[in-house]
>>> print(open('model01.csv').read())   # CSV, C-alpha atoms and all ligand atoms
chain,number,residue,atom,x,y,z
A,1,MET,CA,11.9,17.9,13.4
A,2,HIS,CA,8.8,18.8,15.3
A,3,CYS,CA,7.3,17.0,18.2
A,4,PHE,CA,3.5,16.6,18.1
A,5,GLU,CA,1.4,16.6,21.2
A,6,SER,CA,-1.2,14.4,19.5
A,7,LEU,CA,1.4,11.8,18.7
A,8,ASP,CA,2.7,11.8,22.3
A,9,HIS,CA,-0.8,11.3,23.4
A,10,LEU,CA,-1.1,8.3,21.1
A,11,LYS,CA,2.0,6.7,22.6
A,12,ASN,CA,0.0,6.3,25.8
A,13,SER,CA,-3.1,5.2,24.1
A,14,TYR,CA,-2.5,1.4,24.6
A,15,ASN,CA,-3.7,1.1,28.1
A,16,THR,CA,-6.7,3.4,27.6
A,17,ARG,CA,-7.8,1.3,24.7
A,18,ILE,CA,-7.4,-2.0,26.5
A,19,SER,CA,-9.4,-0.7,29.5
A,20,GLN,CA,-12.1,0.5,27.1
A,21,ILE,CA,-12.3,-3.0,25.6
A,22,VAL,CA,-12.4,-4.6,29.1
A,23,ASP,CA,-15.4,-2.3,30.0
A,24,GLU,CA,-17.1,-3.1,26.7
A,25,LYS,CA,-16.7,-6.8,27.2
A,26,LYS,CA,-18.1,-6.5,30.7
A,27,ALA,CA,-21.1,-4.8,29.2
A,28,GLY,CA,-21.6,-7.7,26.8
A,29,LYS,CA,-20.0,-6.2,23.6
A,30,LYS,CA,-18.2,-8.7,21.3
A,31,LEU,CA,-14.6,-8.2,20.1
A,32,VAL,CA,-13.5,-9.2,16.6
A,33,GLY,CA,-9.8,-9.6,15.7
A,34,THR,CA,-8.7,-9.1,12.1
A,35,PHE,CA,-5.5,-9.3,10.1
A,36,CYS,CA,-6.3,-7.7,6.8
A,37,LEU,CA,-7.9,-4.8,5.0
A,38,PHE,CA,-10.3,-7.0,3.1
A,39,VAL,CA,-12.5,-7.5,6.2
A,40,PRO,CA,-15.2,-4.7,6.0
A,41,ASP,CA,-15.1,-3.0,9.4
A,42,GLU,CA,-18.5,-1.4,8.7
A,43,ILE,CA,-20.2,-4.7,9.0
A,44,ILE,CA,-18.5,-5.4,12.4
A,45,PHE,CA,-19.5,-2.0,13.8
A,46,ALA,CA,-23.0,-2.2,12.4
A,47,ALA,CA,-23.5,-5.4,14.3
A,48,GLY,CA,-22.6,-3.6,17.5
A,49,ALA,CA,-19.2,-5.3,18.0
A,50,ASP,CA,-15.7,-3.7,18.3
A,51,ARG,CA,-12.7,-4.6,16.2
A,52,ILE,CA,-8.9,-4.9,16.9
A,53,ILE,CA,-6.0,-5.7,14.6
A,54,LEU,CA,-3.9,-8.7,15.4
A,55,CYS,CA,-1.1,-8.3,12.8
A,56,GLY,CA,2.4,-8.6,14.3
A,57,GLY,CA,5.4,-6.5,13.5
A,58,LYS,CA,7.6,-7.7,16.4
A,59,ASN,CA,10.6,-10.0,16.0
A,60,ASP,CA,10.5,-11.6,19.4
A,61,THR,CA,7.5,-13.9,18.7
A,62,VAL,CA,8.9,-15.1,15.3
A,63,SER,CA,11.0,-17.9,16.9
A,64,ILE,CA,7.9,-19.1,18.9
A,65,ALA,CA,5.9,-19.4,15.7
A,66,GLU,CA,8.8,-21.4,14.1
A,67,GLN,CA,8.1,-24.2,16.5
A,68,TYR,CA,4.9,-24.7,14.6
A,69,LEU,CA,5.4,-23.1,11.2
A,70,PRO,CA,8.1,-23.4,8.5
A,71,ARG,CA,10.9,-20.9,8.8
A,72,ASN,CA,10.6,-19.8,5.2
A,73,ILE,CA,7.3,-17.9,5.4
A,74,CYS,CA,6.9,-14.2,5.8
A,75,PRO,CA,7.7,-12.7,9.2
A,76,LEU,CA,4.3,-10.9,9.5
A,77,ILE,CA,2.6,-14.3,9.6
A,78,LYS,CA,5.1,-15.8,12.0
A,79,SER,CA,5.1,-12.8,14.3
A,80,SER,CA,1.2,-12.7,14.4
A,81,PHE,CA,0.9,-16.5,15.0
A,82,GLY,CA,3.7,-16.5,17.5
A,83,SER,CA,2.1,-13.8,19.7
A,84,ILE,CA,-1.2,-15.8,19.7
A,85,VAL,CA,0.2,-19.2,20.5
A,86,ASN,CA,2.8,-17.8,23.0
A,87,ASN,CA,1.8,-18.9,26.5
A,88,GLY,CA,4.3,-16.6,28.1
A,89,CYS,CA,6.6,-19.4,29.3
A,90,SER,CA,9.3,-18.3,26.9
A,91,GLY,CA,9.6,-14.9,28.7
A,92,VAL,CA,8.2,-13.2,25.6
A,93,LYS,CA,5.2,-10.9,26.2
A,94,SER,CA,2.1,-12.3,24.6
A,95,CYS,CA,-0.3,-10.4,22.5
A,96,SER,CA,-2.5,-9.2,25.4
A,97,HIS,CA,-5.5,-8.2,23.4
A,98,TYR,CA,-5.8,-11.5,21.5
A,99,GLY,CA,-7.1,-13.2,24.7
A,100,MET,CA,-10.1,-10.8,24.7
A,101,VAL,CA,-11.1,-11.6,21.1
A,102,ASP,CA,-14.4,-13.5,20.7
A,103,LEU,CA,-13.9,-14.3,17.0
A,104,ILE,CA,-11.1,-13.9,14.5
A,105,VAL,CA,-12.3,-12.8,11.1
A,106,ALA,CA,-9.7,-13.8,8.5
A,107,GLU,CA,-9.6,-13.8,4.8
A,108,ASN,CA,-8.2,-16.0,2.0
A,109,THR,CA,-5.4,-13.9,0.6
A,110,CYS,CA,-1.8,-15.3,0.4
A,111,ASP,CA,-1.1,-19.1,0.7
A,112,SER,CA,0.8,-18.8,4.0
A,113,LYS,CA,-1.9,-16.8,5.7
A,114,LYS,CA,-4.6,-19.2,4.5
A,115,LYS,CA,-2.8,-22.1,6.0
A,116,MET,CA,-1.9,-20.3,9.2
A,117,TYR,CA,-5.6,-19.5,9.7
A,118,GLU,CA,-6.4,-23.2,9.5
A,119,LEU,CA,-4.2,-23.7,12.6
A,120,LEU,CA,-5.5,-20.6,14.4
A,121,GLY,CA,-8.9,-22.2,14.8
A,122,ASP,CA,-7.3,-24.4,17.6
A,123,TYR,CA,-6.7,-21.3,19.7
A,124,VAL,CA,-9.6,-18.9,18.9
A,125,PRO,CA,-12.8,-19.3,16.9
A,126,THR,CA,-11.9,-18.3,13.4
A,127,TYR,CA,-14.1,-17.4,10.5
A,128,VAL,CA,-12.6,-17.0,7.0
A,129,ILE,CA,-14.0,-14.7,4.3
A,130,ASP,CA,-13.2,-16.1,0.8
A,131,LEU,CA,-12.0,-13.8,-1.8
A,132,PRO,CA,-12.2,-14.1,-5.6
A,133,GLN,CA,-8.6,-13.6,-6.8
A,134,ARG,CA,-9.4,-12.2,-10.2
A,135,PRO,CA,-11.2,-9.0,-9.1
A,136,ASP,CA,-12.0,-7.7,-12.6
A,137,SER,CA,-13.7,-10.9,-13.8
A,138,PRO,CA,-17.5,-10.3,-14.2
A,139,GLU,CA,-18.4,-13.1,-11.6
A,140,ALA,CA,-16.0,-11.8,-8.9
A,141,LEU,CA,-18.1,-9.0,-7.6
A,142,ASN,CA,-21.2,-11.2,-7.2
A,143,TYR,CA,-19.1,-13.9,-5.5
A,144,PHE,CA,-17.6,-11.4,-3.0
A,145,LEU,CA,-21.0,-9.8,-2.4
A,146,GLY,CA,-22.2,-13.3,-1.4
A,147,GLU,CA,-19.2,-13.7,0.9
A,148,ILE,CA,-19.9,-10.5,2.7
A,149,TYR,CA,-23.5,-11.4,3.1
A,150,LYS,CA,-22.4,-14.6,4.8
A,151,PHE,CA,-20.1,-12.6,7.0
A,152,LYS,CA,-23.0,-10.3,7.9
A,153,GLY,CA,-24.9,-13.4,9.0
A,154,VAL,CA,-21.9,-14.5,11.1
A,155,MET,CA,-21.7,-11.1,12.8
A,156,GLU,CA,-25.5,-11.2,13.5
A,157,GLN,CA,-25.2,-14.6,15.1
A,158,LEU,CA,-22.1,-13.6,17.2
A,159,THR,CA,-23.7,-10.4,18.6
A,160,GLY,CA,-27.4,-11.4,18.5
A,161,ASN,CA,-28.1,-8.1,16.7
A,162,LYS,CA,-29.8,-7.7,13.4
A,163,ILE,CA,-27.7,-5.4,11.0
A,164,THR,CA,-30.1,-2.9,9.5
A,165,VAL,CA,-29.6,-0.9,6.3
A,166,GLU,CA,-29.6,2.3,8.4
A,167,GLN,CA,-26.9,1.0,10.7
A,168,LEU,CA,-24.7,0.0,7.8
A,169,LYS,CA,-25.2,3.4,6.1
A,170,MET,CA,-24.2,5.1,9.3
A,171,GLU,CA,-21.0,3.0,9.7
A,172,ILE,CA,-20.1,3.6,6.0
A,173,LYS,CA,-20.5,7.4,6.6
A,174,SER,CA,-18.4,7.2,9.7
A,175,SER,CA,-15.6,5.2,8.0
A,176,ASN,CA,-15.6,7.5,5.1
A,177,GLU,CA,-15.1,10.4,7.5
A,178,THR,CA,-12.0,8.7,8.7
A,179,ARG,CA,-10.8,8.1,5.2
A,180,GLN,CA,-11.4,11.8,4.3
A,181,LEU,CA,-9.5,12.9,7.4
A,182,LEU,CA,-6.6,10.8,6.2
A,183,HIS,CA,-6.8,12.3,2.8
A,184,ARG,CA,-6.7,15.8,4.3
A,185,PHE,CA,-3.7,14.8,6.4
A,186,TYR,CA,-1.8,13.3,3.4
A,187,GLU,CA,-2.4,16.6,1.5
A,188,LEU,CA,-0.1,18.2,4.0
A,189,ARG,CA,2.7,15.8,3.1
A,190,LYS,CA,2.7,17.2,-0.4
A,191,ILE,CA,4.5,20.4,1.0
A,192,ASP,CA,8.2,20.5,0.3
A,193,PRO,CA,9.7,19.7,2.8
A,194,PRO,CA,6.8,17.8,4.4
A,195,PRO,CA,6.0,19.1,7.9
A,196,ILE,CA,6.0,15.6,9.4
A,197,ARG,CA,8.4,12.6,9.3
A,198,GLY,CA,7.2,9.4,7.6
A,199,VAL,CA,8.2,7.4,10.7
A,200,ASP,CA,5.7,9.4,12.8
A,201,VAL,CA,3.0,9.0,10.2
A,202,LEU,CA,3.6,5.3,10.0
A,203,LYS,CA,3.3,4.9,13.8
A,204,LEU,CA,-0.1,6.6,13.6
A,205,LEU,CA,-1.2,4.4,10.7
A,206,GLN,CA,-0.1,1.3,12.5
A,207,LYS,CA,-2.6,2.3,15.2
A,208,GLN,CA,-5.6,2.9,12.9
A,209,TYR,CA,-7.1,-0.5,13.4
A,210,PHE,CA,-6.2,-0.7,17.1
A,211,LEU,CA,-7.8,2.6,18.3
A,212,SER,CA,-11.5,3.0,18.4
A,213,THR,CA,-12.9,4.9,15.5
A,214,GLU,CA,-13.7,8.0,17.6
A,215,GLU,CA,-10.2,8.0,19.1
A,216,LEU,CA,-8.6,7.7,15.7
A,217,LYS,CA,-10.7,10.6,14.3
A,218,ALA,CA,-9.9,12.8,17.3
A,219,SER,CA,-6.2,12.1,17.0
A,220,LEU,CA,-6.2,12.8,13.3
A,221,ARG,CA,-8.0,16.1,13.8
A,222,MET,CA,-5.6,17.2,16.5
A,223,LEU,CA,-2.6,16.2,14.4
A,224,ILE,CA,-3.9,18.0,11.3
A,225,ASN,CA,-4.3,21.1,13.4
A,226,GLU,CA,-0.8,20.9,14.7
A,227,VAL,CA,0.7,20.1,11.3
A,228,GLU,CA,-1.1,22.9,9.5
A,229,LYS,CA,0.6,25.4,11.8
A,230,ILE,CA,4.1,24.4,10.8
A,231,LYS,CA,5.9,26.7,8.5
A,232,PRO,CA,8.2,24.8,6.0
A,233,ASP,CA,11.9,25.4,6.7
A,234,GLY,CA,12.7,25.3,3.0
A,235,THR,CA,15.4,22.5,3.0
A,236,HIS,CA,14.6,20.0,0.3
A,237,LYS,CA,15.4,16.4,1.2
A,238,PRO,CA,14.9,13.5,-1.3
A,239,ARG,CA,11.2,12.7,-1.3
A,240,ILE,CA,10.7,9.0,-0.9
A,241,MET,CA,7.6,6.8,-1.4
A,242,ILE,CA,7.6,3.4,0.2
A,243,SER,CA,5.7,0.7,-1.8
A,244,GLY,CA,5.0,-2.9,-0.9
A,245,CYS,CA,4.2,-5.1,2.1
A,246,PRO,CA,2.5,-3.7,5.2
A,247,MET,CA,4.6,-2.6,8.2
A,248,SER,CA,2.7,-3.8,11.2
A,249,SER,CA,3.0,-2.3,14.7
A,250,GLY,CA,6.5,-2.8,16.0
A,251,ASN,CA,8.1,-2.7,12.5
A,252,THR,CA,9.5,0.7,11.6
A,253,LYS,CA,13.0,-0.5,10.6
A,254,VAL,CA,13.2,0.6,6.9
A,255,PRO,CA,11.5,4.0,7.4
A,256,GLU,CA,13.8,4.7,10.4
A,257,ILE,CA,16.9,3.9,8.2
A,258,ILE,CA,15.7,6.1,5.3
A,259,GLU,CA,14.9,9.1,7.5
A,260,SER,CA,18.1,8.8,9.6
A,261,ARG,CA,20.1,8.9,6.4
A,262,GLY,CA,18.7,12.1,5.0
A,263,GLY,CA,15.6,11.1,3.0
A,264,VAL,CA,12.0,11.9,3.9
A,265,ILE,CA,9.0,9.6,3.3
A,266,VAL,CA,6.1,11.5,1.8
A,267,ALA,CA,3.7,8.6,1.0
A,268,GLU,CA,3.3,4.8,1.6
A,269,GLU,CA,1.7,2.7,-1.0
A,270,SER,CA,0.9,-0.1,1.4
A,271,CYS,CA,-1.8,-1.5,3.7
A,272,THR,CA,-0.3,0.6,6.5
A,273,GLY,CA,-0.6,3.6,4.1
A,274,THR,CA,-2.8,4.7,1.2
A,275,ARG,CA,-4.3,1.3,0.5
A,276,SER,CA,-6.2,1.5,3.8
A,277,PHE,CA,-8.1,4.7,3.0
A,278,TRP,CA,-7.6,5.9,-0.6
A,279,ASP,CA,-11.0,4.7,-1.9
A,280,LEU,CA,-14.2,5.7,-0.2
A,281,VAL,CA,-17.4,3.6,-0.1
A,282,ASP,CA,-20.2,5.0,-2.3
A,283,GLU,CA,-22.8,6.3,0.2
A,284,ASN,CA,-25.5,6.5,-2.5
A,285,LYS,CA,-25.8,2.9,-3.3
A,286,ASP,CA,-27.2,-0.2,-1.6
A,287,PRO,CA,-24.7,-0.5,1.3
A,288,MET,CA,-23.8,-4.1,0.9
A,289,LEU,CA,-23.1,-3.7,-2.9
A,290,ALA,CA,-21.1,-0.5,-2.2
A,291,LEU,CA,-19.0,-2.3,0.4
A,292,ALA,CA,-18.3,-5.2,-2.0
A,293,GLU,CA,-17.3,-2.8,-4.8
A,294,ARG,CA,-15.0,-0.8,-2.6
A,295,TYR,CA,-13.3,-3.7,-0.8
A,296,ILE,CA,-12.8,-6.0,-3.8
A,297,LYS,CA,-10.7,-3.1,-5.4
A,298,ILE,CA,-8.0,-3.2,-2.8
A,299,PRO,CA,-4.9,-3.6,-4.9
A,300,CYS,CA,-3.2,-6.4,-2.9
A,301,SER,CA,-0.7,-8.5,-4.6
A,302,CYS,CA,-2.8,-11.6,-3.9
A,303,MET,CA,-5.0,-10.4,-6.7
A,304,SER,CA,-4.3,-11.3,-10.3
A,305,PRO,CA,-3.8,-9.3,-12.5
A,306,ASN,CA,-3.2,-6.4,-10.2
A,307,ASP,CA,-2.6,-3.6,-12.6
A,308,ARG,CA,-4.7,-1.2,-10.5
A,309,ARG,CA,-1.8,-1.2,-8.0
A,310,ILE,CA,0.7,-0.1,-10.7
A,311,GLU,CA,-1.7,2.7,-11.7
A,312,ASN,CA,-2.0,3.8,-8.1
A,313,ILE,CA,1.8,3.8,-7.6
A,314,LEU,CA,2.3,6.1,-10.6
A,315,GLU,CA,-0.5,8.4,-9.6
A,316,LEU,CA,0.9,8.7,-6.0
A,317,ALA,CA,4.4,9.3,-7.3
A,318,ARG,CA,3.1,12.1,-9.4
A,319,GLU,CA,0.8,13.6,-6.8
A,320,PHE,CA,3.4,13.5,-4.0
A,321,GLU,CA,6.3,14.6,-6.4
A,322,VAL,CA,8.5,11.7,-5.2
A,323,ASP,CA,12.1,11.7,-6.2
A,324,GLY,CA,12.4,7.9,-5.7
A,325,VAL,CA,10.5,4.8,-4.6
A,326,VAL,CA,11.8,2.3,-2.0
A,327,TYR,CA,10.1,-1.0,-2.9
A,328,TYR,CA,9.8,-2.9,0.3
A,329,THR,CA,9.0,-6.6,0.7
A,330,LEU,CA,9.1,-9.0,3.6
A,331,GLN,CA,11.1,-12.1,3.1
A,332,PHE,CA,9.1,-14.9,1.5
A,333,CYS,CA,6.3,-12.6,0.4
A,334,HIS,CA,6.2,-13.9,-3.1
A,335,GLY,CA,3.3,-11.8,-4.3
A,336,TYR,CA,4.9,-8.4,-3.6
A,337,ASN,CA,8.3,-9.8,-4.5
A,338,ILE,CA,7.2,-10.9,-8.0
A,339,GLU,CA,5.1,-7.8,-8.6
A,340,LYS,CA,8.3,-5.7,-8.1
A,341,TYR,CA,9.2,-6.5,-11.7
A,342,LYS,CA,6.1,-4.8,-13.2
A,343,VAL,CA,6.4,-1.9,-10.8
A,344,GLN,CA,10.0,-1.4,-11.6
A,345,GLN,CA,9.3,-1.4,-15.4
A,346,ALA,CA,6.5,1.2,-14.9
A,347,LEU,CA,8.6,3.4,-12.7
A,348,ARG,CA,11.5,3.2,-15.1
A,349,LYS,CA,9.2,4.3,-18.0
A,350,ALA,CA,8.1,7.3,-15.8
A,351,GLY,CA,11.7,8.2,-15.0
A,352,ILE,CA,11.4,7.4,-11.3
A,353,PRO,CA,14.3,5.6,-9.6
A,354,MET,CA,13.5,2.6,-7.4
A,355,LEU,CA,15.5,0.8,-4.7
A,356,PHE,CA,14.4,-2.7,-3.8
A,357,ILE,CA,14.7,-3.9,-0.2
A,358,GLU,CA,13.8,-7.4,1.0
A,359,THR,CA,14.0,-7.9,4.7
A,360,ASP,CA,12.6,-9.4,7.9
A,361,TYR,CA,12.0,-8.2,11.4
A,362,SER,CA,15.5,-8.8,12.7
A,363,ASN,CA,18.2,-6.1,13.1
A,364,SER,CA,20.9,-8.1,11.4
A,365,ASP,CA,20.8,-6.2,8.1
A,366,ILE,CA,20.4,-2.6,9.3
A,367,GLU,CA,24.0,-1.6,8.4
A,368,GLN,CA,23.8,-3.2,5.0
A,369,ILE,CA,20.4,-1.6,4.2
A,370,GLY,CA,21.8,1.7,5.4
A,371,LEU,CA,24.7,1.6,2.9
A,372,ARG,CA,22.3,0.9,0.1
A,373,VAL,CA,20.0,3.7,1.2
A,374,ASP,CA,23.0,6.1,1.4
A,375,ALA,CA,23.9,5.3,-2.2
A,376,PHE,CA,20.3,5.6,-3.4
A,377,LEU,CA,19.8,9.0,-1.7
A,378,GLU,CA,23.1,10.3,-3.1
A,379,MET,CA,21.9,9.4,-6.5
A,380,LEU,CA,18.7,11.3,-6.0
A,381,SER,CA,20.3,14.4,-4.5
A,401,LIG,S1,-4.7,-6.6,1.7
A,401,LIG,S2,-1.1,-6.9,1.8
A,401,LIG,S3,-3.1,-6.8,4.7
A,401,LIG,S4,-3.2,-9.7,2.5
A,401,LIG,S5,3.3,-9.8,3.7
A,401,LIG,S6,1.0,-12.1,4.9
A,401,LIG,S7,0.7,-10.9,1.6
A,401,LIG,S8,3.3,-13.1,2.6
A,401,LIG,S9,-0.2,-8.9,4.7
A,401,LIG,FE1,-1.8,-8.2,3.5
A,401,LIG,FE2,-4.4,-8.0,3.4
A,401,LIG,FE3,-3.0,-8.0,1.1
A,401,LIG,FE4,-2.9,-5.9,2.7
A,401,LIG,FE5,1.1,-12.7,2.8
A,401,LIG,FE6,2.9,-11.0,1.9
A,401,LIG,FE7,3.1,-11.9,4.4
A,401,LIG,FE8,1.1,-10.2,3.7
>>> encode(input="model01.csv", output="structure tokens")
Amino acid sequence: MHCFESLDHLKNSYNTRISQIVDEKKAGKKLVGTFCLFVPDEIIFAAGADRIILCGGKNDTVSIAEQYLPRNICPLIKSSFGSIVNNGCSGVKSCSHYGMVDLIVAENTCDSKKKMYELLGDYVPTYVIDLPQRPDSPEALNYFLGEIYKFKGVMEQLTGNKITVEQLKMEIKSSNETRQLLHRFYELRKIDPPPIRGVDVLKLLQKQYFLSTEELKASLRMLINEVEKIKPDGTHKPRIMISGCPMSSGNTKVPEIIESRGGVIVAEESCTGTRSFWDLVDENKDPMLALAERYIKIPCSCMSPNDRRIENILELAREFEVDGVVYYTLQFCHGYNIEKYKVQQALRKAGIPMLFIETDYSNSDIEQIGLRVDAFLEMLS
């Protein structure tokens, strides 16, 4: 497989980004930490603040969180909380950027996250955006619109800047440009065999809410340039789509297993995949309404019913000509776990095989998952 200069460059982006934030903070810029796609970045940027993702994908902070939280909640929540409450005494590296955050903007999604956010307030000022959980009901859009107006007010208060319509429109345009670049990049993965490994794509996507918008766009442009030059070598490998929970930075376990065993990932139906960029914000409408309409449609399993997600999965499977779907859930993520049933039914009807993997951030099940992936790939070959 190819090595990409743009991805090598990204590996070293951490320190550059942290120094950029340090400089911004010295200049009086506020930093917002987020955990979820439902928080509209455009409002944060329009207020003149910066944003950084706080979701954890590392296993070593899970045991720290278990001193405060029950063991039987999802590892993403434990890892994120553990890195924030970690005072470094345990020898585990803390989340170094959390300490720079002026405000955490959270969202009412799954139960465990909601309750964890109640505890977070003891460590960092935390604001929670409420979400209607029946997105297709007639009242939901108005309610969500009200919530993002309140959030706009919170950002204005935090930064002391009034958010203007022009500023919002500019940020919407800029975020749409990033989404369009990601679409262009995903188009290249439709080639058989795809010119880039899914693991490499995932590492890039995990950084999309860590990097500055400009850095992300520049990296995407460089990567597209590099990938476009690759001539396919003609060897077909089983084309896999991953669907399910997000894979936060530090967690590449399942994609690594799939691609080391002979499969190739061509799409991810997840928040570290298509859900983050698939839909654009309408640039011709009132910006707040356009944001509400776009964000409320994110097909997260916290929404009920969530048929939009099933439709997306089928559409992606067709577009990317996938041979099979690996349905991935984190342990104790009941929403995605239960939705598996409907997804499986829909895929069966479409004649697409599915493998279900439920796991955590530890390495204890790597061998066992590997054997199941082997059998699945053999069936697809
Ligand atoms: S929009 S998927 S980023 S909530 S994996 S914490 S759901 S128990 S991360 Fe998510 Fe926003 Fe939805 Fe996306 Fe809960 Fe499940 Fe854990 Fe999850």
>>> residues_around(input="model01.csv", residues="Leu168 (chain A)", least_positions_apart="2", cutoff="12 Å", atoms="only C-alpha atoms", output="NGL selection string")
:A and (40-48 or 152 or 162-166 or 170-175 or 281 or 283 or 285-291)
>>> closest_residue(input="model01.csv", among="A:Glu378, A:Glu139, A:Glu358, A:Glu259", to="ligand LIG 401 (chain A)", atoms="all atoms listed in the file")
A:Glu358
>>> residues_around(input="model01.csv", residues="Val39 (chain A)", least_positions_apart="4", cutoff="12 Å", atoms="all atoms listed in the file", output="count of residues only")
35
>>> residues_near_point(input="model01.csv", point="(4.4, -8.0, -14.9)", cutoff="12 Å", atoms="all atoms listed in the file", output="JSON, numbers by chain")
{"A": [301, 304, 305, 306, 307, 309, 310, 335, 336, 337, 338, 339, 340, 341, 342, 343, 344, 345, 346]}
>>> closest_residue(input="model01.csv", among="A:Glu214, A:Asp200, A:Asp192, A:Glu228", to="Asp50 (chain A)", atoms="only C-alpha atoms")
A:Glu214
